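Trainee: Quick one: the structure is below, and I'll ask about it shortly.
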Amino acid sequence: MKRSLCLSSILASLFILSANAESPKARLVEKGVSAFECSVAAAMAPMAGHQESNRLFMLGYNSLVSFADALYSGEISEAEYDKYVTLHISLLLSKTQGDTSATFATGRIYQHVLSYTSDRIFYARNKTGGIDRDKPLNDEQIGEMANQLYSEANCSLID
């Protein structure tokens, strides 16, 4: 009796775990966006360089194409989408879903990430911490800001 009860408990636990299992592709959106951000920082960071920037770009590209393919083919649930996709990325994906490819959607995401990451590196901050486009940084400050972003985001650890 105890064996069958124990076996039933184990089977029920496995069923619950499998029912709650997420698609491994759902988290690729986070990995891809982070890799793109780090790629932009690495391109301008003296501590990282262009080889690291290229590595991170390809990692971001491959991750986001895989994510978009999985999304468009229905492999990612609505709950997973809501959990992992930020509003800005969601708007870019919803505008491209249907008639376009995963590579096109990935290009739109890269364009967005390039823009906001570059702004964080090229411009000074105002008193509230926002970007002040009236105060561009000089080359040395840009290198320092890129190094800081690359370091704080632990970009070298992304793989």
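Just so we're on the same page: first chain in the structure tokens is A, next is B, and so on; residues restart at 1 for each chain, and ligands are numbered from 1 in the order they show up.
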Applying 10 Å and only C-alpha atoms, which residues near Asn147 (chain A) remain after dropping the ones on its own chain fewer than 5 positions away? List them as a PyMOL selection string.
Mentor: chain A and resi 41-48+121+141-142+152-153
Trainee: Would you output that residue set with N, CA and C atoms, as an mmCIF file, in the first residue's frame?
Mentor:
data_model
loop_
_atom_site.group_PDB
_atom_site.id
_atom_site.type_symbol
_atom_site.label_atom_id
_atom_site.label_comp_id
_atom_site.auth_asym_id
_atom_site.auth_seq_id
_atom_site.Cartn_x
_atom_site.Cartn_y
_atom_site.Cartn_z
ATOM 1 N N ALA A 41 27.869 47.809 -26.411
ATOM 2 C CA ALA A 41 28.830 48.301 -25.420
ATOM 3 C C ALA A 41 30.238 47.808 -25.736
ATOM 4 N N ALA A 42 30.374 46.539 -26.089
ATOM 5 C CA ALA A 42 31.686 45.957 -26.371
ATOM 6 C C ALA A 42 32.352 46.630 -27.565
ATOM 7 N N ALA A 43 31.575 47.029 -28.552
ATOM 8 C CA ALA A 43 32.136 47.683 -29.737
ATOM 9 C C ALA A 43 32.820 49.000 -29.382
ATOM 10 N N MET A 44 32.383 49.636 -28.298
ATOM 11 C CA MET A 44 32.939 50.935 -27.907
ATOM 12 C C MET A 44 33.771 50.867 -26.627
ATOM 13 N N ALA A 45 33.848 49.697 -26.031
ATOM 14 C CA ALA A 45 34.559 49.544 -24.758
ATOM 15 C C ALA A 45 35.992 49.088 -25.009
ATOM 16 N N PRO A 46 36.979 49.900 -24.608
ATOM 17 C CA PRO A 46 38.369 49.482 -24.780
ATOM 18 C C PRO A 46 38.680 48.139 -24.111
ATOM 19 N N MET A 47 37.974 47.806 -23.018
ATOM 20 C CA MET A 47 38.238 46.552 -22.312
ATOM 21 C C MET A 47 37.726 45.320 -23.070
ATOM 22 N N ALA A 48 36.839 45.501 -24.040
ATOM 23 C CA ALA A 48 36.223 44.356 -24.711
ATOM 24 C C ALA A 48 36.708 44.196 -26.155
ATOM 25 N N ILE A 121 25.398 55.356 -23.838
ATOM 26 C CA ILE A 121 26.854 55.455 -23.888
ATOM 27 C C ILE A 121 27.317 56.842 -24.346
ATOM 28 N N GLN A 141 35.254 59.735 -22.391
ATOM 29 C CA GLN A 141 34.082 59.458 -21.559
ATOM 30 C C GLN A 141 33.224 58.346 -22.162
ATOM 31 N N ILE A 142 33.116 58.333 -23.483
ATOM 32 C CA ILE A 142 32.359 57.275 -24.159
ATOM 33 C C ILE A 142 32.991 55.915 -23.870
ATOM 34 N N GLU A 152 29.227 46.208 -15.777
ATOM 35 C CA GLU A 152 28.076 46.093 -14.877
ATOM 36 C C GLU A 152 27.062 45.052 -15.364
ATOM 37 N N ALA A 153 26.968 44.871 -16.665
ATOM 38 C CA ALA A 153 26.021 43.894 -17.213
ATOM 39 C C ALA A 153 26.610 42.487 -17.274
#
Trainee: Region 65-73 of chain A: which residues within 7 Å, counting only C-alpha atoms, same-chain residues fewer than 5 positions away excluded, as a list of chain:residue names?
Mentor: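 Near neighbours after the sequence-gap exclusion: A:Lys25, A:Ala26, A:Leu28, A:Val29, A:Gln97, A:Ala102, A:Thr103, A:Thr106.
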Trainee: Check the smallest atom-to-atom distance from each of A:Leu64, A:Leu137, A:Met58, A:Val85 to Val40 (chain A) using only C-alpha atoms, then report the winner.
Mentor: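 The shortest atom-to-atom distance to Val40 (chain A) comes from A:Met58.
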Trainee: Pick out the residues sitting within 10 Å of Ser34 (chain A), and hand them over as a list in words; count only C-alpha atoms, and ignore anything fewer than 5 positions along from it in its own chain.
Mentor: Leu28, Val29, Ser39, Leu56, Phe57, Leu59, Gly60, Val113, Ala153, Asn154, Cys155 and Ile158 of chain A
Trainee: Identify, with DSSP run on backbone atoms, the residues in region 23-144 of chain A assigned to alpha helix (DSSP H), and express the list as a compact mmCIF listing (two decimals) with N, CA and C atoms, in the first residue's frame.
Mentor:
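states_25.txt was written with the following content:
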# COMPACT_ATOMS: atom_id res chain seq x y z
N LEU A 28 14.91 32.86 -24.49
CA LEU A 28 15.88 33.33 -25.48
C LEU A 28 15.72 34.81 -25.78
N VAL A 29 14.52 35.35 -25.58
CA VAL A 29 14.33 36.78 -25.84
C VAL A 29 15.17 37.60 -24.88
N GLU A 30 15.24 37.22 -23.62
CA GLU A 30 16.06 37.94 -22.65
C GLU A 30 17.55 37.81 -23.00
N LYS A 31 17.96 36.61 -23.33
CA LYS A 31 19.35 36.37 -23.68
C LYS A 31 19.73 37.17 -24.92
N GLY A 32 18.86 37.18 -25.91
CA GLY A 32 19.15 37.89 -27.16
C GLY A 32 19.25 39.39 -26.97
N VAL A 33 18.32 39.96 -26.25
CA VAL A 33 18.35 41.41 -26.02
C VAL A 33 19.58 41.78 -25.20
N SER A 34 19.89 41.01 -24.17
CA SER A 34 21.08 41.27 -23.35
C SER A 34 22.35 41.17 -24.19
N ALA A 35 22.43 40.17 -25.04
CA ALA A 35 23.62 40.00 -25.89
C ALA A 35 23.74 41.17 -26.87
N PHE A 36 22.63 41.64 -27.43
CA PHE A 36 22.68 42.81 -28.31
C PHE A 36 23.15 44.05 -27.56
N GLU A 37 22.62 44.29 -26.36
CA GLU A 37 23.07 45.43 -25.55
C GLU A 37 24.58 45.34 -25.30
N CYS A 38 25.03 44.17 -24.91
CA CYS A 38 26.44 43.98 -24.63
C CYS A 38 27.30 44.11 -25.89
N SER A 39 26.78 43.70 -27.02
CA SER A 39 27.50 43.83 -28.28
C SER A 39 27.77 45.30 -28.61
N VAL A 40 26.77 46.14 -28.40
CA VAL A 40 26.93 47.58 -28.65
C VAL A 40 27.96 48.16 -27.68
N ALA A 41 27.87 47.81 -26.41
CA ALA A 41 28.83 48.30 -25.42
C ALA A 41 30.24 47.81 -25.74
N ALA A 42 30.37 46.54 -26.09
CA ALA A 42 31.69 45.96 -26.37
C ALA A 42 32.35 46.63 -27.57
N ALA A 43 31.58 47.03 -28.55
CA ALA A 43 32.14 47.68 -29.74
C ALA A 43 32.82 49.00 -29.38
N MET A 44 32.38 49.64 -28.30
CA MET A 44 32.94 50.93 -27.91
C MET A 44 33.77 50.87 -26.63
N HIS A 50 36.27 44.54 -30.64
CA HIS A 50 35.38 44.16 -31.73
C HIS A 50 35.13 42.66 -31.83
N GLN A 51 36.10 41.85 -31.49
CA GLN A 51 35.89 40.40 -31.53
C GLN A 51 34.80 39.99 -30.54
N GLU A 52 34.85 40.57 -29.35
CA GLU A 52 33.83 40.30 -28.33
C GLU A 52 32.48 40.85 -28.79
N SER A 53 32.49 42.01 -29.40
CA SER A 53 31.25 42.60 -29.91
C SER A 53 30.61 41.69 -30.96
N ASN A 54 31.42 41.16 -31.86
CA ASN A 54 30.90 40.24 -32.89
C ASN A 54 30.34 38.96 -32.28
N ARG A 55 31.04 38.42 -31.28
CA ARG A 55 30.56 37.21 -30.60
C ARG A 55 29.20 37.45 -29.97
N LEU A 56 29.07 38.57 -29.28
CA LEU A 56 27.81 38.89 -28.61
C LEU A 56 26.70 39.19 -29.62
N PHE A 57 27.05 39.86 -30.71
CA PHE A 57 26.04 40.13 -31.74
C PHE A 57 25.48 38.82 -32.30
N MET A 58 26.37 37.89 -32.65
CA MET A 58 25.90 36.62 -33.22
C MET A 58 25.09 35.82 -32.20
N LEU A 59 25.47 35.87 -30.94
CA LEU A 59 24.71 35.19 -29.89
C LEU A 59 23.32 35.81 -29.79
N GLY A 60 23.24 37.13 -29.79
CA GLY A 60 21.95 37.80 -29.74
C GLY A 60 21.10 37.51 -30.95
N TYR A 61 21.72 37.56 -32.12
CA TYR A 61 21.00 37.30 -33.36
C TYR A 61 20.42 35.88 -33.37
N ASN A 62 21.26 34.90 -33.09
CA ASN A 62 20.79 33.50 -33.11
C ASN A 62 19.72 33.25 -32.06
N SER A 63 19.88 33.84 -30.88
CA SER A 63 18.89 33.65 -29.81
C SER A 63 17.55 34.25 -30.20
N LEU A 64 17.56 35.44 -30.77
CA LEU A 64 16.30 36.11 -31.10
C LEU A 64 15.62 35.50 -32.33
N VAL A 65 16.39 35.03 -33.29
CA VAL A 65 15.78 34.34 -34.43
C VAL A 65 15.11 33.06 -33.95
N SER A 66 15.78 32.32 -33.06
CA SER A 66 15.19 31.09 -32.51
C SER A 66 13.93 31.41 -31.72
N PHE A 67 13.97 32.48 -30.93
CA PHE A 67 12.80 32.89 -30.15
C PHE A 67 11.64 33.25 -31.08
N ALA A 68 11.90 34.09 -32.07
CA ALA A 68 10.84 34.54 -32.97
C ALA A 68 10.26 33.36 -33.76
N ASP A 69 11.11 32.45 -34.22
CA ASP A 69 10.62 31.25 -34.91
C ASP A 69 9.70 30.45 -34.00
N ALA A 70 10.12 30.26 -32.76
CA ALA A 70 9.30 29.50 -31.80
C ALA A 70 7.99 30.24 -31.51
N LEU A 71 8.07 31.55 -31.38
CA LEU A 71 6.87 32.34 -31.13
C LEU A 71 5.89 32.23 -32.29
N TYR A 72 6.38 32.43 -33.49
CA TYR A 72 5.52 32.42 -34.67
C TYR A 72 4.95 31.04 -34.98
N GLU A 78 1.21 32.06 -24.19
CA GLU A 78 0.91 33.45 -23.88
C GLU A 78 1.48 33.84 -22.52
N ALA A 79 1.41 32.93 -21.56
CA ALA A 79 1.94 33.18 -20.22
C ALA A 79 3.46 33.38 -20.28
N GLU A 80 4.16 32.56 -21.05
CA GLU A 80 5.61 32.70 -21.20
C GLU A 80 5.94 34.03 -21.88
N TYR A 81 5.18 34.37 -22.89
CA TYR A 81 5.38 35.62 -23.61
C TYR A 81 5.23 36.79 -22.65
N ASP A 82 4.17 36.79 -21.88
CA ASP A 82 3.93 37.87 -20.92
C ASP A 82 5.03 37.95 -19.86
N LYS A 83 5.58 36.81 -19.51
CA LYS A 83 6.59 36.75 -18.46
C LYS A 83 7.96 37.28 -18.92
N TYR A 84 8.34 37.00 -20.17
CA TYR A 84 9.70 37.27 -20.62
C TYR A 84 9.85 38.43 -21.60
N LEU A 87 7.62 45.32 -22.80
CA LEU A 87 6.65 46.06 -23.61
C LEU A 87 7.26 46.54 -24.92
N HIS A 88 8.46 47.11 -24.88
CA HIS A 88 9.08 47.63 -26.11
C HIS A 88 9.31 46.51 -27.13
N ILE A 89 9.81 45.39 -26.67
CA ILE A 89 10.06 44.27 -27.57
C ILE A 89 8.74 43.69 -28.06
N SER A 90 7.75 43.65 -27.20
CA SER A 90 6.43 43.16 -27.58
C SER A 90 5.84 43.99 -28.72
N LEU A 91 5.99 45.30 -28.62
CA LEU A 91 5.48 46.17 -29.69
C LEU A 91 6.19 45.90 -31.01
N LEU A 92 7.49 45.68 -30.96
CA LEU A 92 8.24 45.38 -32.18
C LEU A 92 7.83 44.04 -32.77
N LEU A 93 7.62 43.04 -31.91
CA LEU A 93 7.22 41.71 -32.39
C LEU A 93 5.81 41.72 -32.95
N SER A 94 4.90 42.42 -32.30
CA SER A 94 3.51 42.41 -32.76
C SER A 94 3.37 43.11 -34.10
N LYS A 95 4.24 44.07 -34.37
CA LYS A 95 4.19 44.77 -35.65
C LYS A 95 4.76 43.93 -36.79
N THR A 96 5.55 42.93 -36.45
CA THR A 96 6.18 42.13 -37.49
C THR A 96 5.56 40.74 -37.62
N ALA A 102 11.33 35.80 -39.00
CA ALA A 102 11.98 35.94 -37.70
C ALA A 102 13.23 36.81 -37.83
N THR A 103 13.91 36.73 -38.96
CA THR A 103 15.12 37.54 -39.14
C THR A 103 14.76 39.02 -39.25
N PHE A 104 13.65 39.34 -39.88
CA PHE A 104 13.22 40.74 -39.95
C PHE A 104 12.87 41.26 -38.57
N ALA A 105 12.15 40.47 -37.79
CA ALA A 105 11.79 40.86 -36.42
C ALA A 105 13.05 41.07 -35.59
N THR A 106 14.03 40.20 -35.75
CA THR A 106 15.29 40.32 -35.03
C THR A 106 16.02 41.60 -35.42
N GLY A 107 15.99 41.95 -36.69
CA GLY A 107 16.60 43.20 -37.15
C GLY A 107 15.95 44.42 -36.53
N ARG A 108 14.63 44.38 -36.42
CA ARG A 108 13.93 45.51 -35.76
C ARG A 108 14.31 45.61 -34.30
N ILE A 109 14.44 44.47 -33.63
CA ILE A 109 14.83 44.48 -32.22
C ILE A 109 16.25 45.03 -32.08
N TYR A 110 17.16 44.59 -32.96
CA TYR A 110 18.54 45.09 -32.90
C TYR A 110 18.57 46.60 -33.10
N GLN A 111 17.82 47.09 -34.05
CA GLN A 111 17.77 48.53 -34.31
C GLN A 111 17.34 49.29 -33.05
N HIS A 112 16.34 48.79 -32.37
CA HIS A 112 15.85 49.40 -31.13
C HIS A 112 16.91 49.36 -30.03
N VAL A 113 17.53 48.19 -29.83
CA VAL A 113 18.54 48.03 -28.79
C VAL A 113 19.76 48.90 -29.10
N LEU A 114 20.17 48.95 -30.36
CA LEU A 114 21.30 49.78 -30.76
C LEU A 114 21.04 51.24 -30.42
N SER A 115 19.84 51.71 -30.70
CA SER A 115 19.49 53.10 -30.46
C SER A 115 19.55 53.45 -28.97
N TYR A 116 18.83 52.67 -28.14
CA TYR A 116 18.80 53.06 -26.72
C TYR A 116 20.11 52.77 -26.01
N THR A 117 20.86 51.76 -26.41
CA THR A 117 22.15 51.48 -25.77
C THR A 117 23.17 52.55 -26.17
N SER A 118 23.15 52.95 -27.41
CA SER A 118 24.06 54.03 -27.85
C SER A 118 23.77 55.32 -27.11
N ASP A 119 22.51 55.64 -26.92
CA ASP A 119 22.16 56.85 -26.15
C ASP A 119 22.72 56.78 -24.74
N ARG A 120 22.67 55.61 -24.13
CA ARG A 120 23.20 55.44 -22.77
C ARG A 120 24.71 55.64 -22.73
N ILE A 121 25.40 55.36 -23.84
CA ILE A 121 26.85 55.46 -23.89
C ILE A 121 27.32 56.84 -24.35
N PHE A 122 26.63 57.46 -25.29
CA PHE A 122 27.09 58.71 -25.92
C PHE A 122 26.73 59.99 -25.18
N ASP A 139 35.27 61.38 -26.46
CA ASP A 139 35.69 60.00 -26.77
C ASP A 139 36.15 59.22 -25.53
N GLU A 140 36.89 59.88 -24.67
CA GLU A 140 37.36 59.21 -23.46
C GLU A 140 36.20 58.83 -22.55
N GLN A 141 35.25 59.73 -22.39
CA GLN A 141 34.08 59.46 -21.56
C GLN A 141 33.22 58.35 -22.16
N ILE A 142 33.12 58.33 -23.48
CA ILE A 142 32.36 57.28 -24.16
C ILE A 142 32.99 55.92 -23.87
N GLY A 143 34.31 55.83 -23.97
CA GLY A 143 35.02 54.59 -23.65
C GLY A 143 34.78 54.15 -22.22
N GLU A 144 34.83 55.11 -21.30
CA GLU A 144 34.59 54.80 -19.88
C GLU A 144 33.16 54.33 -19.66
